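Visitor: For reference, this is target-v7.csv, and it has CSV, C-alpha atoms.
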```
chain,number,residue,atom,x,y,z
A,3,MET,CA,148.0,22.4,68.5
A,4,PRO,CA,145.7,25.3,69.2
A,5,ARG,CA,143.0,24.7,71.8
A,6,GLU,CA,139.6,26.3,72.2
A,7,ALA,CA,138.9,25.8,75.9
A,8,PHE,CA,135.1,26.4,75.6
A,9,ILE,CA,132.8,26.0,72.6
A,10,ASP,CA,130.7,28.9,71.4
A,11,THR,CA,127.3,27.3,70.9
A,12,THR,CA,126.1,29.9,68.3
A,13,VAL,CA,126.5,28.3,64.9
A,14,GLN,CA,125.4,30.2,61.8
A,15,LYS,CA,123.6,28.2,59.2
A,16,LYS,CA,125.7,27.8,56.1
A,17,GLU,CA,124.4,27.1,52.6
A,18,GLY,CA,125.2,23.6,51.4
A,19,PHE,CA,125.7,22.2,54.9
A,20,ILE,CA,123.4,19.9,56.8
A,21,ARG,CA,123.1,20.5,60.5
A,22,THR,CA,123.3,17.6,62.9
A,23,GLY,CA,121.0,19.2,65.4
A,24,ILE,CA,123.7,19.2,68.1
A,25,ASP,CA,125.0,22.8,68.2
A,26,LYS,CA,128.4,22.1,69.6
A,27,LEU,CA,129.0,19.3,67.1
A,28,ASP,CA,128.0,21.6,64.3
A,29,ARG,CA,130.5,24.1,65.9
A,30,LEU,CA,133.2,21.5,65.8
A,31,LEU,CA,132.3,20.8,62.1
A,32,GLU,CA,132.1,24.5,61.4
A,33,GLY,CA,128.6,24.5,60.1
A,34,GLY,CA,127.7,20.9,59.9
A,35,ILE,CA,128.1,18.1,57.4
A,36,PRO,CA,128.7,19.2,53.8
A,37,GLY,CA,125.8,18.2,51.5
A,38,GLY,CA,126.5,15.0,49.7
A,39,PHE,CA,129.0,13.6,52.2
A,40,THR,CA,129.2,10.0,53.4
A,41,VAL,CA,130.3,10.0,57.0
A,42,VAL,CA,131.6,6.8,58.7
A,43,LEU,CA,131.1,6.9,62.5
A,44,LEU,CA,133.5,4.4,64.1
A,45,GLY,CA,132.8,3.7,67.8
A,46,SER,CA,134.6,1.6,70.3
A,47,PRO,CA,132.5,-0.4,72.7
A,48,GLY,CA,131.0,1.9,75.5
A,49,SER,CA,131.5,5.1,73.5
A,50,SER,CA,127.7,5.6,73.2
A,51,THR,CA,127.4,5.9,69.4
A,52,GLU,CA,123.8,4.9,69.8
A,53,ILE,CA,123.0,8.0,71.9
A,54,LEU,CA,124.7,10.3,69.3
A,55,VAL,CA,122.9,8.9,66.3
A,56,LYS,CA,119.5,9.0,68.0
A,57,GLN,CA,120.1,12.6,69.0
A,58,ILE,CA,121.1,13.5,65.4
A,59,ALA,CA,117.9,11.7,64.2
A,60,THR,CA,115.7,14.2,66.1
A,61,CYS,CA,116.9,17.1,63.9
A,62,GLY,CA,115.0,15.6,60.9
A,63,PRO,CA,114.0,14.9,58.2
A,64,VAL,CA,115.8,11.5,58.6
A,65,THR,CA,115.7,8.0,57.1
A,66,TYR,CA,116.8,5.7,59.9
A,67,ILE,CA,117.8,2.1,59.1
A,68,THR,CA,117.9,0.3,62.4
A,69,THR,CA,119.4,-3.2,62.9
A,70,GLU,CA,120.2,-3.2,66.6
A,71,GLU,CA,117.0,-1.8,68.1
A,72,THR,CA,113.4,-1.7,67.1
A,73,LYS,CA,111.6,1.6,66.2
A,74,GLN,CA,109.8,1.6,69.5
A,75,GLU,CA,113.0,1.1,71.5
A,76,ILE,CA,114.5,4.1,69.7
A,77,LEU,CA,111.5,6.3,70.3
A,78,ASP,CA,111.5,5.2,74.0
A,79,THR,CA,115.1,6.5,74.3
A,80,ILE,CA,114.2,9.8,72.5
A,81,HIS,CA,111.3,10.4,74.9
A,82,ARG,CA,113.5,9.5,77.9
A,83,PHE,CA,115.9,12.3,77.0
A,84,LYS,CA,113.0,14.6,76.3
A,85,TRP,CA,114.4,15.4,72.8
A,86,PRO,CA,112.0,16.8,70.1
A,87,GLU,CA,109.6,14.4,68.4
A,88,PRO,CA,111.6,13.2,65.3
A,89,ASP,CA,110.6,13.5,61.7
A,90,VAL,CA,111.9,10.0,60.9
A,91,ASP,CA,111.1,7.4,58.3
A,92,PHE,CA,112.1,4.2,60.1
A,93,VAL,CA,113.3,1.1,58.2
A,94,ASP,CA,113.0,-1.4,61.1
A,95,ILE,CA,115.3,-4.3,60.0
A,96,SER,CA,115.8,-5.3,63.6
A,97,GLU,CA,112.1,-6.1,64.0
A,98,LYS,CA,112.0,-8.1,60.7
A,99,TYR,CA,115.2,-10.0,61.6
A,100,TYR,CA,114.1,-11.1,65.1
A,101,SER,CA,110.7,-11.9,63.9
A,102,ASN,CA,112.3,-14.2,61.3
A,103,VAL,CA,114.6,-15.8,63.9
A,104,LEU,CA,111.6,-16.5,66.2
A,105,GLN,CA,109.6,-18.0,63.3
A,106,GLY,CA,112.6,-20.2,62.4
A,107,GLU,CA,113.0,-21.4,65.9
A,108,GLN,CA,109.3,-22.2,66.2
A,109,LYS,CA,109.6,-24.2,62.9
A,110,ARG,CA,112.6,-26.1,64.3
A,111,VAL,CA,110.7,-27.0,67.5
A,112,SER,CA,107.6,-28.0,65.5
A,113,ILE,CA,109.6,-30.3,63.2
A,114,TYR,CA,111.4,-31.7,66.2
A,115,GLU,CA,108.2,-32.4,68.0
A,116,GLN,CA,106.7,-34.1,65.0
A,117,ARG,CA,109.8,-36.2,64.4
A,118,SER,CA,110.1,-37.2,68.1
A,119,LYS,CA,106.7,-38.9,67.8
A,120,LEU,CA,108.1,-41.2,65.0
A,121,LYS,CA,109.4,-44.7,65.8
A,122,LEU,CA,113.1,-45.3,65.6
A,123,LYS,CA,112.7,-47.3,62.4
A,124,GLU,CA,110.8,-44.4,60.7
A,125,LEU,CA,113.5,-42.0,61.8
A,126,ILE,CA,116.2,-44.1,60.2
A,127,GLU,CA,114.2,-44.4,57.0
A,128,ILE,CA,113.9,-40.7,56.6
A,129,GLY,CA,117.6,-40.3,57.5
A,130,SER,CA,117.1,-38.0,60.4
A,131,THR,CA,118.6,-38.6,63.8
A,132,ALA,CA,119.1,-35.0,64.9
A,133,MET,CA,117.2,-31.7,65.1
A,134,PRO,CA,116.6,-30.4,61.5
A,135,SER,CA,118.4,-27.4,60.2
A,136,THR,CA,116.1,-24.6,59.0
A,137,ALA,CA,116.9,-21.1,57.7
A,138,THR,CA,116.3,-18.3,60.2
A,139,SER,CA,115.7,-15.7,57.6
A,140,SER,CA,114.1,-15.5,54.2
A,141,GLU,CA,114.7,-11.8,53.8
A,142,ASP,CA,117.5,-10.2,51.8
A,143,PHE,CA,118.3,-7.4,54.2
A,144,LEU,CA,121.0,-5.9,52.0
A,145,ALA,CA,118.4,-5.6,49.2
A,146,ILE,CA,116.1,-3.8,51.6
A,147,LEU,CA,118.9,-1.4,52.6
A,148,SER,CA,119.6,-0.7,48.9
A,149,ASN,CA,116.0,-0.2,47.9
A,150,ARG,CA,114.9,2.0,50.9
A,151,THR,CA,117.9,4.4,50.4
A,152,LYS,CA,117.3,4.7,46.6
A,153,ASN,CA,114.4,7.1,46.5
A,154,VAL,CA,114.9,9.3,49.6
A,155,PRO,CA,114.2,13.1,49.1
A,156,GLU,CA,117.0,15.6,48.6
A,157,LYS,CA,119.0,17.0,51.4
A,158,ARG,CA,117.9,14.3,53.8
A,159,ILE,CA,120.0,12.6,56.5
A,160,ILE,CA,120.3,8.8,56.2
A,161,ILE,CA,121.4,6.9,59.2
A,162,ILE,CA,122.6,3.2,59.0
A,163,ASN,CA,122.9,1.9,62.5
A,164,SER,CA,124.7,-0.3,62.1
A,165,LEU,CA,126.8,-1.8,59.4
A,166,ASP,CA,127.9,-4.5,61.8
A,167,PHE,CA,124.6,-6.4,61.1
A,168,PHE,CA,125.1,-6.5,57.4
A,169,LEU,CA,128.7,-7.6,57.8
A,170,SER,CA,127.5,-10.5,60.0
A,171,GLN,CA,125.1,-11.6,57.2
A,172,TYR,CA,127.0,-10.9,54.0
A,173,ASP,CA,130.4,-10.9,52.4
A,174,GLN,CA,132.4,-7.7,53.0
A,175,GLU,CA,132.8,-7.0,49.3
A,176,GLU,CA,129.1,-7.3,48.7
A,177,VAL,CA,128.5,-4.9,51.6
A,178,LEU,CA,131.0,-2.4,50.2
A,179,ARG,CA,129.4,-2.5,46.8
A,180,THR,CA,126.0,-1.7,48.3
A,181,VAL,CA,127.5,1.1,50.5
A,182,TYR,CA,129.1,2.6,47.4
A,183,ALA,CA,125.8,2.7,45.5
A,184,ILE,CA,124.1,4.4,48.5
A,185,LYS,CA,127.0,6.9,48.6
A,186,VAL,CA,126.6,7.8,44.9
A,187,ASN,CA,122.8,8.3,45.4
A,188,ASN,CA,123.4,10.5,48.5
A,189,LEU,CA,125.9,12.6,46.6
A,190,LYS,CA,123.3,13.2,43.9
A,191,ASN,CA,120.7,14.2,46.5
A,192,LYS,CA,123.1,16.4,48.5
A,193,GLY,CA,122.1,14.7,51.7
A,194,ALA,CA,124.2,13.3,54.6
A,195,LEU,CA,124.8,9.6,54.8
A,196,LEU,CA,125.9,8.5,58.3
A,197,ILE,CA,127.1,4.9,58.6
A,198,VAL,CA,127.8,3.5,62.1
A,199,MET,CA,130.4,0.7,62.6
A,200,THR,CA,132.1,-0.8,65.6
A,201,LYS,CA,135.8,0.0,65.6
A,202,GLY,CA,138.3,-2.9,65.5
A,203,VAL,CA,135.8,-5.7,64.8
A,204,HIS,CA,135.9,-6.2,61.0
A,205,GLY,CA,139.6,-6.1,60.4
A,206,ASP,CA,142.1,-3.3,59.6
A,207,LEU,CA,141.8,-3.7,55.8
A,208,PHE,CA,138.0,-3.4,55.8
A,209,GLU,CA,138.2,-0.3,58.1
A,210,ARG,CA,140.7,1.3,55.7
A,211,LYS,CA,138.5,0.6,52.7
A,212,MET,CA,135.5,2.2,54.5
A,213,GLU,CA,137.6,5.2,55.5
A,214,GLY,CA,138.8,5.5,51.9
A,215,LEU,CA,135.2,5.3,50.6
A,216,ALA,CA,134.0,7.9,53.2
A,217,ASP,CA,134.1,11.7,52.7
A,218,ALA,CA,134.4,12.1,56.5
A,219,VAL,CA,135.4,9.9,59.3
A,220,LEU,CA,134.3,10.5,62.9
A,221,GLU,CA,135.6,8.3,65.7
A,222,LEU,CA,134.3,7.9,69.3
A,223,ASP,CA,136.7,6.5,71.8
A,224,VAL,CA,136.7,5.7,75.6
A,225,ILE,CA,140.0,6.1,77.4
A,226,GLN,CA,140.5,4.9,81.0
A,227,LYS,CA,142.4,7.4,83.2
A,228,GLY,CA,142.9,6.0,86.7
A,229,SER,CA,139.5,5.0,88.1
A,230,SER,CA,137.6,7.2,85.6
A,231,PHE,CA,136.8,7.1,81.9
A,232,GLU,CA,137.1,10.0,79.4
A,233,ARG,CA,135.3,10.0,76.0
A,234,TYR,CA,136.6,11.7,72.9
A,235,LEU,CA,135.2,12.4,69.5
A,236,SER,CA,137.8,12.7,66.7
A,237,VAL,CA,137.2,14.2,63.3
A,238,LYS,CA,139.8,12.1,61.5
A,239,LYS,CA,138.9,13.0,57.9
A,240,MET,CA,136.9,15.7,56.2
A,241,ARG,CA,137.4,15.7,52.4
A,242,ASN,CA,138.4,19.2,51.2
A,243,TYR,CA,138.0,20.7,54.7
A,244,ALA,CA,141.3,20.1,56.4
A,245,LYS,CA,140.5,22.9,58.9
A,246,LYS,CA,137.7,20.7,60.4
A,247,ILE,CA,140.2,18.0,61.6
A,248,GLY,CA,140.2,18.0,65.4
A,249,ILE,CA,139.2,16.3,68.6
A,250,ALA,CA,136.7,17.1,71.3
A,251,ARG,CA,136.0,15.6,74.7
A,252,TYR,CA,132.4,14.7,75.4
A,253,VAL,CA,130.1,13.4,78.1
A,254,ILE,CA,126.7,11.7,78.2
A,255,ASP,CA,124.4,13.4,80.7
A,256,ASP,CA,120.6,13.9,81.2
A,257,SER,CA,120.4,16.0,78.0
A,258,GLY,CA,122.3,13.4,75.9
A,259,PHE,CA,125.5,13.9,74.0
A,260,VAL,CA,127.4,17.0,75.1
A,261,LEU,CA,130.8,18.2,73.7
A,262,GLU,CA,133.0,20.0,76.1
A,263,MET,CA,136.4,21.0,74.6
A,264,ILE,CA,137.9,21.3,71.1
A,265,GLU,CA,141.5,20.8,70.0
A,266,ARG,CA,142.2,21.8,66.4
A,267,ILE,CA,145.0,19.9,64.6
A,268,MET,CA,146.5,22.3,62.1
```
Just give me the structure as structure tokens.
Guide:
Amino acid sequence: MPREAFIDTTVQKKEGFIRTGIDKLDRLLEGGIPGGFTVVLLGSPGSSTEILVKQIATCGPVTYITTEETKQEILDTIHRFKWPEPDVDFVDISEKYYSNVLQGEQKRVSIYEQRSKLKLKELIEIGSTAMPSTATSSEDFLAILSNRTKNVPEKRIIIINSLDFFLSQYDQEEVLRTVYAIKVNNLKNKGALLIVMTKGVHGDLFERKMEGLADAVLELDVIQKGSSFERYLSVKKMRNYAKKIGIARYVIDDSGFVLEMIERIM
């Protein structure tokens, strides 16, 4: 297993590759992500996938589908790390979802308050002795995801952070069909589709299906060694580019995501 103890940060731009904006990551990938590739980023809890994808987003132009943080929260993090102002088209599903949840709860409280004023006899007549059930969302978020990724410009990075949200709302097969449609469109546009998913949460079979669908699989892991933790990024799969398979140690410091060492698996 040959090792490169230090990473040369000079990366020549290659035709047909999309840079991540992180020089050492582009060095690990030997030029960046091949145009048209769908990349699945599997992260274990605590591996800081959210830092990595925000840093990639600053390289622009990017379409960023956010389900875990609002647009403003993402921008606040980017400003805190003093990264360049991003050229990003945000699709803020997080804001829509939590707004719908709050509206649903307000509706539940309102109905409960109205019903609590009724007499017992009236409550029995309308068949309600408990708090009413109301839908927390009227939006089809999977449809929003599909529509907003349909007409993106060519050679653009699309970040979906994260797929966990859609898997909590929809059937796995329905999510897979939508992801496949986005993959086909990205292939046509020669862009880079980056899909974030928490490792070990959605079942081994689903993870294998996602890895099979993907052109590339990156995995972030945190390993405890004694009283300290070490973080590793593995390039587990890169279709037609076997030489890119490898592993690198990384840290998160004041500048963000920093790769330190590469080990190539030949």
Visitor: Choose the residue, out of A:Val219, A:Val253, A:Leu169, A:Ala59, that has the smallest atom-to-atom separation from Tyr234 (chain A); count only C-alpha atoms.
Guide: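 Result for the nearest residue to Tyr234 (chain A): A:Val253.
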Visitor: Pull the closest atom pair for each residue of region 9-70 of chain A that gets at most 7 Å from region 185-190 of chain A, along with the distance in Å to one decimal, counting only C-alpha atoms, ordering rows by chain and then ascending residue number, as a tab-separated table.
Guide:
```
residue	atom	partner	partner_atom	distance
A:Gly38	CA	A:Leu189	CA	4.0
A:Phe39	CA	A:Leu189	CA	6.5
A:Thr40	CA	A:Lys185	CA	6.1
```
Visitor: Go ahead and compute the interatomic distance for CA of Gly205 (chain A) and CA of Thr22 (chain A), in Å to one decimal.
Guide: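 Calculated distance between CA of Gly205 (chain A) and CA of Thr22 (chain A) is 28.9 Å.
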Visitor: Just to confirm, what's the straight-line distance from CA of Thr72 (chain A) to CA of Asn163 (chain A) in Å (one decimal)?
Guide: 11.2 Å
Visitor: Calculated over all atoms listed in the file, which of the candidates A:Phe92, A:Phe231, A:Phe143, A:Tyr172 has the smallest distance to Leu77 (chain A)?
Guide: A:Phe92
Visitor: Which residues come within 9 Å of Trp85 (chain A), counting all atoms listed in the file, excluding same-chain residues fewer than 2 positions away, as JSON, numbers by chain?
Guide: {"A": [57, 60, 80, 81, 82, 83, 87, 88, 257, 258]}
Visitor: For CA of Asp142 (chain A) and CA of Val103 (chain A), determine how far apart the two atoms are, in Å to one decimal place.
Guide: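 According to the coordinates, CA of Asp142 (chain A) and CA of Val103 (chain A) are separated by 13.6 Å.
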Visitor: I'd like the neighbourhood of His204 (chain A) as a PyMOL selection string, where a residue qualifies if any of its atoms comes within 9 Å (using only C-alpha atoms), though same-chain residues fewer than 5 positions away should be ignored.
Guide: chain A and resi 166+169+174+199+209
